[in-house]
>>> print(open('upload20.csv').read())   # CSV, C-alpha atoms
chain,number,residue,atom,x,y,z
A,58,MET,CA,-26.8,-24.5,20.2
A,59,PRO,CA,-27.9,-21.3,18.4
A,60,ASP,CA,-24.3,-19.9,18.4
A,61,PHE,CA,-22.6,-23.1,17.3
A,62,PHE,CA,-21.8,-22.1,13.7
A,63,LYS,CA,-20.6,-18.7,14.7
A,64,HIS,CA,-18.3,-20.5,17.1
A,65,VAL,CA,-17.1,-22.6,14.1
A,66,LEU,CA,-16.3,-19.5,12.0
A,67,ASN,CA,-14.6,-17.7,14.9
A,68,THR,CA,-12.4,-20.8,15.6
A,69,GLY,CA,-11.5,-21.1,11.9
A,70,ILE,CA,-10.5,-17.4,11.5
A,71,LEU,CA,-8.4,-17.5,14.7
A,72,ASP,CA,-6.6,-20.5,13.2
A,73,MET,CA,-6.0,-18.5,10.0
A,74,ILE,CA,-4.4,-15.8,12.1
A,75,GLU,CA,-2.2,-18.1,14.3
A,76,ASN,CA,-1.3,-20.5,11.5
A,77,PRO,CA,-1.1,-18.5,8.3
A,78,ASP,CA,-0.4,-20.1,5.0
A,79,GLN,CA,3.3,-19.9,4.3
A,80,GLU,CA,4.3,-19.0,0.8
A,81,ASP,CA,7.7,-20.0,-0.6
A,82,ASP,CA,9.9,-16.9,-0.9
A,83,GLU,CA,13.0,-17.5,-3.0
A,84,LEU,CA,13.8,-13.8,-3.3
A,85,GLY,CA,15.1,-13.3,0.2
A,86,PRO,CA,14.9,-10.2,2.5
A,87,ARG,CA,13.9,-7.1,0.6
A,88,PHE,CA,11.5,-4.1,0.8
A,89,ARG,CA,8.0,-4.7,-0.6
A,90,GLY,CA,5.8,-2.7,-3.0
A,91,ALA,CA,3.1,-2.4,-0.4
A,92,ASN,CA,5.6,-0.5,1.7
A,93,THR,CA,7.0,1.7,-1.1
A,94,PRO,CA,8.5,4.8,0.6
A,95,LEU,CA,8.4,8.4,-0.6
A,96,LEU,CA,11.4,10.6,0.3
A,97,ASP,CA,11.2,14.4,-0.1
A,98,GLY,CA,14.6,15.9,0.8
A,99,ASP,CA,15.2,14.5,4.3
A,100,SER,CA,11.6,13.7,5.1
A,101,PHE,CA,9.6,10.6,4.4
A,102,LEU,CA,6.0,11.2,3.4
A,103,THR,CA,3.0,8.9,3.9
A,104,ASP,CA,-0.7,8.8,4.3
A,105,GLY,CA,-0.8,5.6,6.3
A,106,GLU,CA,1.2,3.1,8.3
A,107,SER,CA,2.0,0.8,5.4
A,108,HIS,CA,4.4,3.3,3.8
A,109,CYS,CA,6.1,4.3,7.0
A,110,PRO,CA,9.9,3.6,6.7
A,111,ARG,CA,9.9,1.9,10.1
A,112,VAL,CA,7.2,-0.5,9.1
A,113,ALA,CA,9.0,-1.2,5.8
A,114,ILE,CA,12.3,-2.1,7.6
A,115,LEU,CA,10.4,-4.2,10.2
A,116,ARG,CA,8.7,-6.2,7.5
A,117,LYS,CA,12.0,-6.7,5.6
A,118,ARG,CA,13.4,-8.1,8.9
A,119,GLY,CA,10.5,-10.5,9.2
A,120,ILE,CA,8.4,-8.6,11.7
A,121,SER,CA,4.8,-7.9,10.9
A,122,SER,CA,1.8,-7.4,13.2
A,123,LYS,CA,-0.8,-10.2,13.3
A,124,PRO,CA,-4.1,-9.3,11.7
A,125,SER,CA,-7.4,-9.2,13.5
A,126,PRO,CA,-10.5,-11.1,12.2
A,127,LYS,CA,-11.6,-7.7,10.8
A,128,ASN,CA,-8.4,-7.5,8.8
A,129,ILE,CA,-9.0,-10.9,7.4
A,130,LEU,CA,-12.5,-10.0,6.3
A,131,SER,CA,-11.3,-6.7,4.8
A,132,TRP,CA,-8.5,-8.3,2.8
A,133,THR,CA,-10.9,-10.9,1.5
A,134,TYR,CA,-13.2,-8.1,0.3
A,135,GLY,CA,-10.3,-6.5,-1.5
A,136,ARG,CA,-9.1,-9.8,-3.2
A,137,ALA,CA,-12.7,-10.4,-4.4
A,138,TRP,CA,-12.6,-7.0,-6.0
A,139,GLU,CA,-9.3,-7.7,-7.8
A,140,ALA,CA,-10.6,-11.1,-9.0
A,141,LEU,CA,-13.7,-9.4,-10.4
A,142,MET,CA,-11.6,-6.9,-12.4
A,143,LYS,CA,-9.8,-9.7,-14.2
A,144,ARG,CA,-13.1,-11.3,-15.0
A,145,LEU,CA,-14.4,-8.1,-16.5
A,146,VAL,CA,-11.3,-7.7,-18.6
A,147,ASP,CA,-11.9,-11.2,-20.0
A,148,ARG,CA,-15.6,-10.6,-20.5
A,149,ALA,CA,-15.1,-7.4,-22.3
A,150,LYS,CA,-13.7,-9.4,-25.3
A,151,ILE,CA,-12.0,-6.4,-26.8
A,152,PRO,CA,-9.5,-7.4,-29.5
A,153,ASN,CA,-5.9,-7.2,-28.5
A,154,LEU,CA,-6.8,-6.6,-24.8
A,155,SER,CA,-5.6,-8.9,-22.1
A,156,TYR,CA,-3.8,-8.9,-18.7
A,157,LEU,CA,-0.4,-10.3,-18.2
A,158,GLU,CA,0.3,-13.2,-15.7
A,159,GLU,CA,1.9,-12.4,-12.4
A,160,GLU,CA,5.4,-13.6,-13.4
A,161,GLN,CA,5.5,-10.9,-16.2
A,162,CYS,CA,4.4,-8.1,-13.8
A,163,ALA,CA,7.3,-8.2,-11.4
A,164,VAL,CA,9.1,-5.0,-10.4
A,165,LEU,CA,12.7,-5.7,-9.2
A,166,ILE,CA,15.3,-3.2,-8.0
A,167,TYR,CA,18.8,-4.1,-7.1
A,168,ASP,CA,21.6,-2.3,-5.2
A,169,ASP,CA,24.4,-0.4,-7.0
A,170,SER,CA,26.3,-3.7,-7.6
A,171,GLY,CA,23.3,-5.1,-9.4
A,172,GLU,CA,23.6,-8.3,-7.4
A,173,ARG,CA,21.5,-7.9,-4.3
A,174,LEU,CA,17.7,-7.5,-4.6
A,175,ILE,CA,16.5,-4.7,-2.3
A,176,TYR,CA,12.9,-4.1,-3.5
A,177,SER,CA,10.2,-6.1,-5.3
A,178,ALA,CA,6.6,-5.3,-6.3
A,179,ARG,CA,3.9,-6.4,-8.6
A,180,PRO,CA,1.0,-4.3,-9.9
A,181,ASP,CA,-2.5,-5.6,-9.3
A,182,LEU,CA,-3.1,-5.7,-13.0
A,183,LEU,CA,-0.8,-5.2,-16.0
A,184,ILE,CA,-2.9,-4.6,-19.0
A,185,SER,CA,-1.7,-5.2,-22.6
A,186,TYR,CA,-3.6,-3.4,-25.4
A,187,ASN,CA,-2.5,-3.2,-29.0
A,188,ASP,CA,1.1,-4.0,-27.9
A,189,LYS,CA,1.1,-1.2,-25.3
A,190,LYS,CA,1.1,-1.9,-21.5
A,191,PHE,CA,-0.3,0.0,-18.6
A,192,PRO,CA,-0.5,-1.0,-14.9
A,193,VAL,CA,-3.5,-0.8,-12.7
A,194,GLU,CA,-3.6,-0.5,-8.9
A,195,CYS,CA,-7.0,-2.0,-7.7
A,196,LYS,CA,-8.3,-0.8,-4.4
A,197,SER,CA,-11.5,-1.5,-2.6
A,198,ILE,CA,-13.5,1.2,-0.8
A,199,GLN,CA,-14.7,0.0,2.6
A,200,SER,CA,-15.6,3.2,4.4
A,201,ASN,CA,-17.8,6.3,4.1
A,202,ASN,CA,-14.8,8.6,4.0
A,203,GLY,CA,-13.2,6.5,1.2
A,204,ALA,CA,-16.4,6.7,-0.8
A,205,LEU,CA,-16.6,10.4,-0.4
A,206,ASN,CA,-12.9,10.9,-1.4
A,207,ILE,CA,-13.2,8.8,-4.6
A,208,PHE,CA,-16.7,9.5,-5.9
A,209,THR,CA,-17.0,13.2,-4.8
A,210,HIS,CA,-13.4,14.5,-4.7
A,211,ASN,CA,-11.9,12.0,-7.2
A,212,LYS,CA,-8.9,11.7,-4.8
A,213,PRO,CA,-7.1,8.4,-4.6
A,214,LYS,CA,-4.8,7.4,-1.7
A,215,LEU,CA,-1.2,8.4,-1.8
A,216,GLY,CA,-0.1,4.8,-1.2
A,217,ALA,CA,-1.8,3.6,-4.3
A,218,LEU,CA,0.1,6.2,-6.4
A,219,LEU,CA,3.4,5.1,-4.9
A,220,GLN,CA,2.8,1.5,-6.0
A,221,LEU,CA,1.6,2.6,-9.4
A,222,CYS,CA,4.6,4.9,-9.9
A,223,MET,CA,7.1,2.0,-9.4
A,224,ALA,CA,5.1,-0.2,-11.8
A,225,MET,CA,4.9,2.4,-14.5
A,226,GLN,CA,8.6,3.1,-14.4
A,227,ALA,CA,9.6,-0.6,-14.3
A,228,HIS,CA,7.5,-1.5,-17.3
A,229,ASP,CA,8.4,1.7,-19.2
A,230,CYS,CA,4.8,3.0,-19.1
A,231,GLN,CA,4.0,6.6,-19.3
A,232,THR,CA,0.4,6.0,-18.2
A,233,GLY,CA,-1.5,3.9,-15.7
A,234,TYR,CA,-4.7,3.8,-13.6
A,235,THR,CA,-5.8,3.7,-10.0
A,236,LEU,CA,-9.1,1.8,-9.7
A,237,TYR,CA,-11.4,1.9,-6.8
A,238,GLY,CA,-14.4,-0.4,-6.3
A,239,LEU,CA,-17.3,0.1,-3.9
A,240,MET,CA,-19.2,-3.2,-3.4
A,241,HIS,CA,-21.8,-2.0,-0.9
A,242,TRP,CA,-24.2,0.9,-0.3
A,243,VAL,CA,-23.0,4.0,1.6
A,244,ASN,CA,-25.1,6.5,3.4
A,245,GLY,CA,-22.7,9.0,5.0
A,246,TYR,CA,-22.3,12.6,6.2
A,247,ASP,CA,-19.8,15.1,4.7
A,248,PHE,CA,-18.7,17.4,7.6
A,249,SER,CA,-17.0,19.9,5.2
A,250,THR,CA,-20.3,20.7,3.5
A,251,ARG,CA,-22.6,19.7,6.4
A,252,SER,CA,-24.7,17.6,4.2
A,253,GLY,CA,-25.4,13.9,3.8
A,254,PHE,CA,-24.4,11.8,0.8
A,255,LYS,CA,-25.2,8.5,-0.7
A,256,CYS,CA,-23.2,6.1,-2.9
A,257,GLU,CA,-24.3,2.9,-4.6
A,258,PRO,CA,-22.0,0.0,-5.6
A,259,ASP,CA,-19.8,1.4,-8.4
A,260,PHE,CA,-16.2,1.7,-9.5
A,261,ALA,CA,-14.1,4.6,-10.5
A,262,THR,CA,-10.8,5.0,-12.4
A,263,GLN,CA,-8.2,7.8,-12.1
A,264,PHE,CA,-5.8,8.3,-15.0
A,265,ALA,CA,-2.2,8.7,-14.1
A,266,GLU,CA,0.7,9.8,-16.2
A,267,PHE,CA,4.3,11.0,-15.9
A,268,ARG,CA,5.1,14.4,-17.3
A,269,ASP,CA,8.3,16.2,-18.3
A,270,ASP,CA,8.9,17.5,-14.7
A,271,GLY,CA,9.2,13.9,-13.5
A,272,PHE,CA,6.1,14.0,-11.3
A,273,MET,CA,3.0,11.9,-11.6
A,274,TYR,CA,-0.3,13.6,-12.5
A,275,SER,CA,-3.6,12.1,-11.5
A,276,ASN,CA,-6.5,13.1,-13.7
A,277,GLY,CA,-4.4,16.1,-14.8
A,278,ARG,CA,-3.5,17.3,-11.2
A,279,LYS,CA,0.1,17.3,-10.1
A,280,THR,CA,0.9,15.0,-7.2
A,281,CYS,CA,3.9,14.9,-4.8
A,282,VAL,CA,4.9,11.5,-6.3
A,283,SER,CA,7.9,11.0,-8.6
A,284,TYR,CA,10.0,8.0,-9.4
A,285,GLU,CA,13.1,9.7,-8.2
A,286,ARG,CA,11.5,10.3,-4.7
A,287,CYS,CA,10.4,6.7,-4.5
A,288,LEU,CA,13.8,5.3,-5.6
A,289,ASN,CA,15.6,7.6,-3.2
A,290,GLY,CA,13.4,6.4,-0.5
A,291,ILE,CA,14.2,2.7,-1.2
A,292,HIS,CA,17.9,3.4,-1.2
A,293,ALA,CA,17.6,5.4,2.0
A,294,LEU,CA,15.8,2.5,3.7
A,295,ASP,CA,18.5,0.2,2.6
A,296,GLN,CA,21.2,2.4,4.1
A,297,LEU,CA,19.3,2.8,7.4
A,298,ASP,CA,18.7,-0.9,7.6
A,299,ALA,CA,22.4,-1.6,7.0
A,300,ALA,CA,23.4,1.0,9.7
A,301,GLY,CA,20.8,-0.6,12.1
A,302,ILE,CA,19.1,2.7,12.9
A,303,PHE,CA,15.7,4.4,12.3
A,304,LEU,CA,15.4,8.1,11.6
A,305,PRO,CA,14.4,9.8,14.9
A,306,GLU,CA,11.5,11.7,13.3
A,307,ARG,CA,8.4,10.0,12.2
A,308,PRO,CA,7.2,10.4,8.6
A,309,LYS,CA,5.1,13.4,7.7
A,310,GLY,CA,1.4,12.7,7.0
A,311,VAL,CA,0.4,14.1,3.7
A,312,ASP,CA,-2.2,13.5,1.0
A,313,MET,CA,-1.4,12.8,-2.7
A,314,PHE,CA,-0.7,16.6,-3.3
A,315,GLY,CA,1.7,16.9,-0.4
A,316,ASN,CA,-0.9,18.7,1.8
A,317,ALA,CA,-0.7,18.0,5.5
A,318,MET,CA,-3.2,15.3,6.7
A,319,LYS,CA,-6.1,16.4,9.0
A,320,TYR,CA,-5.4,13.4,11.2
A,321,ASN,CA,-2.4,11.6,12.6
A,322,CYS,CA,-1.6,8.6,10.4
A,323,CYS,CA,0.2,7.0,13.3
A,324,THR,CA,-2.9,6.7,15.4
A,325,TYR,CA,-4.0,3.2,14.4
A,326,CYS,CA,-0.5,1.8,13.8
A,327,PRO,CA,0.2,-1.3,15.9
A,328,TYR,CA,3.7,0.0,16.7
A,329,ASN,CA,2.6,3.5,17.8
A,330,MET,CA,3.0,2.6,21.5
A,331,ILE,CA,6.6,1.7,20.8
A,332,CYS,CA,7.3,4.9,18.8
A,333,SER,CA,5.8,7.0,21.5
A,334,GLN,CA,8.5,6.0,23.9
A,335,TYR,CA,11.0,7.9,21.8
A,336,GLY,CA,11.4,11.7,21.4
A,337,PRO,CA,11.6,13.4,18.0
A,338,LYS,CA,15.4,13.7,18.3
A,339,ASP,CA,16.2,10.3,20.0
A,340,SER,CA,18.5,7.8,18.4
A,341,ILE,CA,16.6,4.6,17.7
A,342,GLN,CA,18.4,1.3,17.2
A,343,ILE,CA,16.5,-1.1,15.0
A,344,ASP,CA,17.4,-4.2,17.0
A,345,GLU,CA,16.3,-2.6,20.3
A,346,PHE,CA,13.1,-1.4,18.7
A,347,ILE,CA,12.3,-5.0,17.4
A,348,GLU,CA,12.8,-6.4,20.9
A,349,GLU,CA,10.4,-3.9,22.3
A,350,VAL,CA,7.9,-4.8,19.5
A,351,LYS,CA,8.1,-8.5,20.4
A,352,LEU,CA,7.3,-7.7,24.0
A,353,GLU,CA,4.5,-5.2,23.4
A,354,VAL,CA,2.8,-6.2,20.1
A,355,ASP,CA,1.4,-9.5,18.8
A,356,VAL,CA,3.6,-10.1,15.8
A,357,TYR,CA,4.8,-12.7,13.4
A,358,VAL,CA,8.5,-13.3,13.5
A,359,ARG,CA,9.8,-14.8,10.3
A,360,ALA,CA,13.3,-15.7,9.4
>>> encode(input="upload20.csv", output="structure tokens")
Amino acid sequence: MPDFFKHVLNTGILDMIENPDQEDDELGPRFRGANTPLLDGDSFLTDGESHCPRVAILRKRGISSKPSPKNILSWTYGRAWEALMKRLVDRAKIPNLSYLEEEQCAVLIYDDSGERLIYSARPDLLISYNDKKFPVECKSIQSNNGALNIFTHNKPKLGALLQLCMAMQAHDCQTGYTLYGLMHWVNGYDFSTRSGFKCEPDFATQFAEFRDDGFMYSNGRKTCVSYERCLNGIHALDQLDAAGIFLPERPKGVDMFGNAMKYNCCTYCPYNMICSQYGPKDSIQIDEFIEEVKLEVDVYVRA
């Protein structure tokens, strides 16, 4: 039986998908850091499906798409990278340098009454050094395009900055880092320069800071991210959820500087087929949308 063990692995990973580990969640329904929104005026901005306001509200309501085996492997790659970063901090043995435990890293935002939790997050790392703190968002690079953006253009993803922004504000940090790790060799092609490129396993950091204008700067370059825009986005999501409606227009796809994306960030979203049934001005009821999702998309439905 030459394919027996592959059958074993495939059976195991399918069981992981259909019967995921359930974690105790005492905080109740809320928006999550991985779905942190960015609201510019009346428009939500994003560079991927995770930070779409519709996805954020669906997740708050217990709806999330089931992962594929490829997703499971990709997430495992990312978690291995985060675990390695903690080991490197320990092995550096720098005096007065350590990372804080998860309970000390929580980011919690309540409604205007201060009683109902509407958002929670946790940075991948919260470093303490000489009595100062700075958060770190650790991301893994798993594509040629990602390697090109980080190692050639020094350009992190907008989503990483949104998560970092909330952590910096919550922990009263003026500075932080995005950290990207490449754990394999890359041999790709840059269509903008019409030339090939190669990258070896490596990691890269991007220094982030708040400046007096309220915006985040990444390696000295002004981004479209500010705490005010993120906080406004969270409160807007809460109001939309309470009203039971989605904004008719989809979020605008932009990069970290607010420039329009060269691709449609909705393309690979599992809910795109549902969104496509609505026009840009149509009223969208959340409950009706969820019923369509349950019919058309393989999802988890959690209380």
>>> residues_around(input="upload20.csv", residues="stretch 87-96 of chain A", least_positions_apart="5", cutoff="6 Å", atoms="only C-alpha atoms", output="PDB file with C-alpha atoms, keeping the file's coordinate frame")
ATOM      1  CA  PHE A 101       9.600  10.600   4.400  1.00  0.00           C
ATOM      2  CA  LEU A 102       6.000  11.200   3.400  1.00  0.00           C
ATOM      3  CA  SER A 107       2.000   0.800   5.400  1.00  0.00           C
ATOM      4  CA  HIS A 108       4.400   3.300   3.800  1.00  0.00           C
ATOM      5  CA  ALA A 113       9.000  -1.200   5.800  1.00  0.00           C
ATOM      6  CA  LYS A 117      12.000  -6.700   5.600  1.00  0.00           C
ATOM      7  CA  ILE A 175      16.500  -4.700  -2.300  1.00  0.00           C
ATOM      8  CA  TYR A 176      12.900  -4.100  -3.500  1.00  0.00           C
ATOM      9  CA  SER A 177      10.200  -6.100  -5.300  1.00  0.00           C
ATOM     10  CA  ALA A 178       6.600  -5.300  -6.300  1.00  0.00           C
ATOM     11  CA  GLN A 220       2.800   1.500  -6.000  1.00  0.00           C
ATOM     12  CA  ARG A 286      11.500  10.300  -4.700  1.00  0.00           C
ATOM     13  CA  CYS A 287      10.400   6.700  -4.500  1.00  0.00           C
ATOM     14  CA  GLY A 290      13.400   6.400  -0.500  1.00  0.00           C
TER      15      GLY A 290
END
>>> atom_distance(input="upload20.csv", atom1="atom CA of A:Ser333", atom2="atom CA of A:Glu349")
11.9 Å
>>> residues_around(input="upload20.csv", residues="stretch 198-213 of chain A", least_positions_apart="5", cutoff="9 Å", atoms="all atoms listed in the file", output="list in words")
Ser131, Tyr134, Gly135, Leu218, Thr235, Leu236, Tyr237, Gly238, Leu239, Met240, His241, Val243, Asn244, Gly245, Tyr246, Asp247, Phe254, Lys255, Cys256, Phe260, Ala261, Thr262, Gln263, Ser275, Asn276 and Met313 of chain A
>>> write_last_selection(input="upload20.csv", atoms="C-alpha atoms", output="short mmCIF file (atom, residue, chain, number, x, y, z; two decimals), keeping the file's coordinate frame")
data_model
loop_
_atom_site.label_atom_id
_atom_site.label_comp_id
_atom_site.auth_asym_id
_atom_site.auth_seq_id
_atom_site.Cartn_x
_atom_site.Cartn_y
_atom_site.Cartn_z
CA SER A 131 -11.30 -6.70 4.80
CA TYR A 134 -13.20 -8.10 0.30
CA GLY A 135 -10.30 -6.50 -1.50
CA LEU A 218 0.10 6.20 -6.40
CA THR A 235 -5.80 3.70 -10.00
CA LEU A 236 -9.10 1.80 -9.70
CA TYR A 237 -11.40 1.90 -6.80
CA GLY A 238 -14.40 -0.40 -6.30
CA LEU A 239 -17.30 0.10 -3.90
CA MET A 240 -19.20 -3.20 -3.40
CA HIS A 241 -21.80 -2.00 -0.90
CA VAL A 243 -23.00 4.00 1.60
CA ASN A 244 -25.10 6.50 3.40
CA GLY A 245 -22.70 9.00 5.00
CA TYR A 246 -22.30 12.60 6.20
CA ASP A 247 -19.80 15.10 4.70
CA PHE A 254 -24.40 11.80 0.80
CA LYS A 255 -25.20 8.50 -0.70
CA CYS A 256 -23.20 6.10 -2.90
CA PHE A 260 -16.20 1.70 -9.50
CA ALA A 261 -14.10 4.60 -10.50
CA THR A 262 -10.80 5.00 -12.40
CA GLN A 263 -8.20 7.80 -12.10
CA SER A 275 -3.60 12.10 -11.50
CA ASN A 276 -6.50 13.10 -13.70
CA MET A 313 -1.40 12.80 -2.70
#
>>> closest_residue(input="upload20.csv", among="A:Met330, A:Leu115, A:Ala217, A:Ala140", to="A:Gly301", atoms="only C-alpha atoms")
A:Leu115
>>> residues_around(input="upload20.csv", residues="stretch 147-152 of chain A", least_positions_apart="4", cutoff="12 Å", atoms="all atoms listed in the file", output="list of chain:residue names")
A:Ala140, A:Leu141, A:Met142, A:Lys143, A:Tyr156, A:Leu157, A:Ile184, A:Ser185, A:Tyr186, A:Asn187, A:Asp188
>>> closest_residue(input="upload20.csv", among="A:Pro337, A:Pro258, A:Pro124, A:Gly105", to="A:Phe303", atoms="all atoms listed in the file")
A:Pro337
>>> atom_distance(input="upload20.csv", atom1="atom CA of A:Arg116", atom2="atom CA of A:Cys230")
28.4 Å
>>> closest_residue(input="upload20.csv", among="A:Asp104, A:Cys332, A:Glu158, A:Trp138", to="A:Tyr320", atoms="all atoms listed in the file")
A:Asp104
>>> atom_distance(input="upload20.csv", atom1="atom CA of A:Asp269", atom2="atom CA of A:Phe191")
18.3 Å
>>> closest_residue(input="upload20.csv", among="A:Val354, A:Leu165, A:Leu215, A:Ile347", to="A:Pro327", atoms="only C-alpha atoms")
A:Val354
>>> closest_residue(input="upload20.csv", among="A:Glu106, A:Leu297, A:Phe248, A:Gly98", to="A:Tyr325", atoms="only C-alpha atoms")
A:Glu106
>>> residues_around(input="upload20.csv", residues="A:Asp181", least_positions_apart="5", cutoff="8 Å", atoms="only C-alpha atoms", output="PDB file with C-alpha atoms, in the frame of the given file")
ATOM      1  CA  GLU A 139      -9.300  -7.700  -7.800  1.00  0.00           C
ATOM      2  CA  PRO A 192      -0.500  -1.000 -14.900  1.00  0.00           C
ATOM      3  CA  VAL A 193      -3.500  -0.800 -12.700  1.00  0.00           C
ATOM      4  CA  GLU A 194      -3.600  -0.500  -8.900  1.00  0.00           C
ATOM      5  CA  CYS A 195      -7.000  -2.000  -7.700  1.00  0.00           C
TER       6      CYS A 195
END
>>> residues_around(input="upload20.csv", residues="A:Val358", least_positions_apart="4", cutoff="8 Å", atoms="only C-alpha atoms", output="number ranges by chain")
A: 119-121
>>> closest_residue(input="upload20.csv", among="A:His64, A:Arg111, A:Arg173, A:Lys123", to="A:Glu306", atoms="all atoms listed in the file")
A:Arg111
>>> decode(input="upload20.csv", residues="stretch 150-197 of chain A", atoms="C-alpha atoms", output="PDB file, in the first residue's frame")
ATOM      1  CA  LYS A 150      20.133  36.680  26.724  1.00  0.00           C
ATOM      2  CA  ILE A 151      20.152  40.474  26.619  1.00  0.00           C
ATOM      3  CA  PRO A 152      19.827  41.988  30.106  1.00  0.00           C
ATOM      4  CA  ASN A 153      16.373  43.404  30.888  1.00  0.00           C
ATOM      5  CA  LEU A 154      14.907  41.970  27.651  1.00  0.00           C
ATOM      6  CA  SER A 155      11.937  39.617  27.743  1.00  0.00           C
ATOM      7  CA  TYR A 156       8.498  39.081  26.237  1.00  0.00           C
ATOM      8  CA  LEU A 157       5.303  39.324  28.232  1.00  0.00           C
ATOM      9  CA  GLU A 158       2.890  36.444  28.655  1.00  0.00           C
ATOM     10  CA  GLU A 159      -0.332  36.412  26.659  1.00  0.00           C
ATOM     11  CA  GLU A 160      -2.541  37.557  29.539  1.00  0.00           C
ATOM     12  CA  GLN A 161      -0.532  40.773  29.772  1.00  0.00           C
ATOM     13  CA  CYS A 162      -0.798  41.461  26.037  1.00  0.00           C
ATOM     14  CA  ALA A 163      -4.580  41.763  25.714  1.00  0.00           C
ATOM     15  CA  VAL A 164      -6.133  44.729  23.892  1.00  0.00           C
ATOM     16  CA  LEU A 165      -9.721  45.328  25.055  1.00  0.00           C
ATOM     17  CA  ILE A 166     -12.101  48.028  23.823  1.00  0.00           C
ATOM     18  CA  TYR A 167     -15.526  48.629  25.320  1.00  0.00           C
ATOM     19  CA  ASP A 168     -18.574  50.541  24.142  1.00  0.00           C
ATOM     20  CA  ASP A 169     -19.393  54.051  25.361  1.00  0.00           C
ATOM     21  CA  SER A 170     -20.938  52.676  28.548  1.00  0.00           C
ATOM     22  CA  GLY A 171     -17.697  50.884  29.386  1.00  0.00           C
ATOM     23  CA  GLU A 172     -19.620  47.696  30.115  1.00  0.00           C
ATOM     24  CA  ARG A 173     -19.870  45.779  26.831  1.00  0.00           C
ATOM     25  CA  LEU A 174     -16.695  44.470  25.197  1.00  0.00           C
ATOM     26  CA  ILE A 175     -16.764  45.124  21.464  1.00  0.00           C
ATOM     27  CA  TYR A 176     -13.176  44.334  20.400  1.00  0.00           C
ATOM     28  CA  SER A 177     -10.266  42.239  21.603  1.00  0.00           C
ATOM     29  CA  ALA A 178      -6.793  41.634  20.218  1.00  0.00           C
ATOM     30  CA  ARG A 179      -3.385  40.450  21.251  1.00  0.00           C
ATOM     31  CA  PRO A 180      -0.058  41.264  19.588  1.00  0.00           C
ATOM     32  CA  ASP A 181       2.055  38.295  18.541  1.00  0.00           C
ATOM     33  CA  LEU A 182       4.821  39.539  20.840  1.00  0.00           C
ATOM     34  CA  LEU A 183       4.933  42.265  23.458  1.00  0.00           C
ATOM     35  CA  ILE A 184       8.564  42.935  24.281  1.00  0.00           C
ATOM     36  CA  SER A 185       9.785  44.521  27.504  1.00  0.00           C
ATOM     37  CA  TYR A 186      13.219  46.134  27.439  1.00  0.00           C
ATOM     38  CA  ASN A 187      14.614  48.393  30.170  1.00  0.00           C
ATOM     39  CA  ASP A 188      11.078  48.996  31.498  1.00  0.00           C
ATOM     40  CA  LYS A 189       9.800  50.036  28.060  1.00  0.00           C
ATOM     41  CA  LYS A 190       7.410  48.007  25.936  1.00  0.00           C
ATOM     42  CA  PHE A 191       6.930  47.580  22.217  1.00  0.00           C
ATOM     43  CA  PRO A 192       4.626  45.184  20.351  1.00  0.00           C
ATOM     44  CA  VAL A 193       5.653  43.031  17.384  1.00  0.00           C
ATOM     45  CA  GLU A 194       3.406  41.588  14.694  1.00  0.00           C
ATOM     46  CA  CYS A 195       5.055  38.416  13.363  1.00  0.00           C
ATOM     47  CA  LYS A 196       4.113  37.345   9.851  1.00  0.00           C
ATOM     48  CA  SER A 197       5.428  34.529   7.705  1.00  0.00           C
TER      49      SER A 197
END
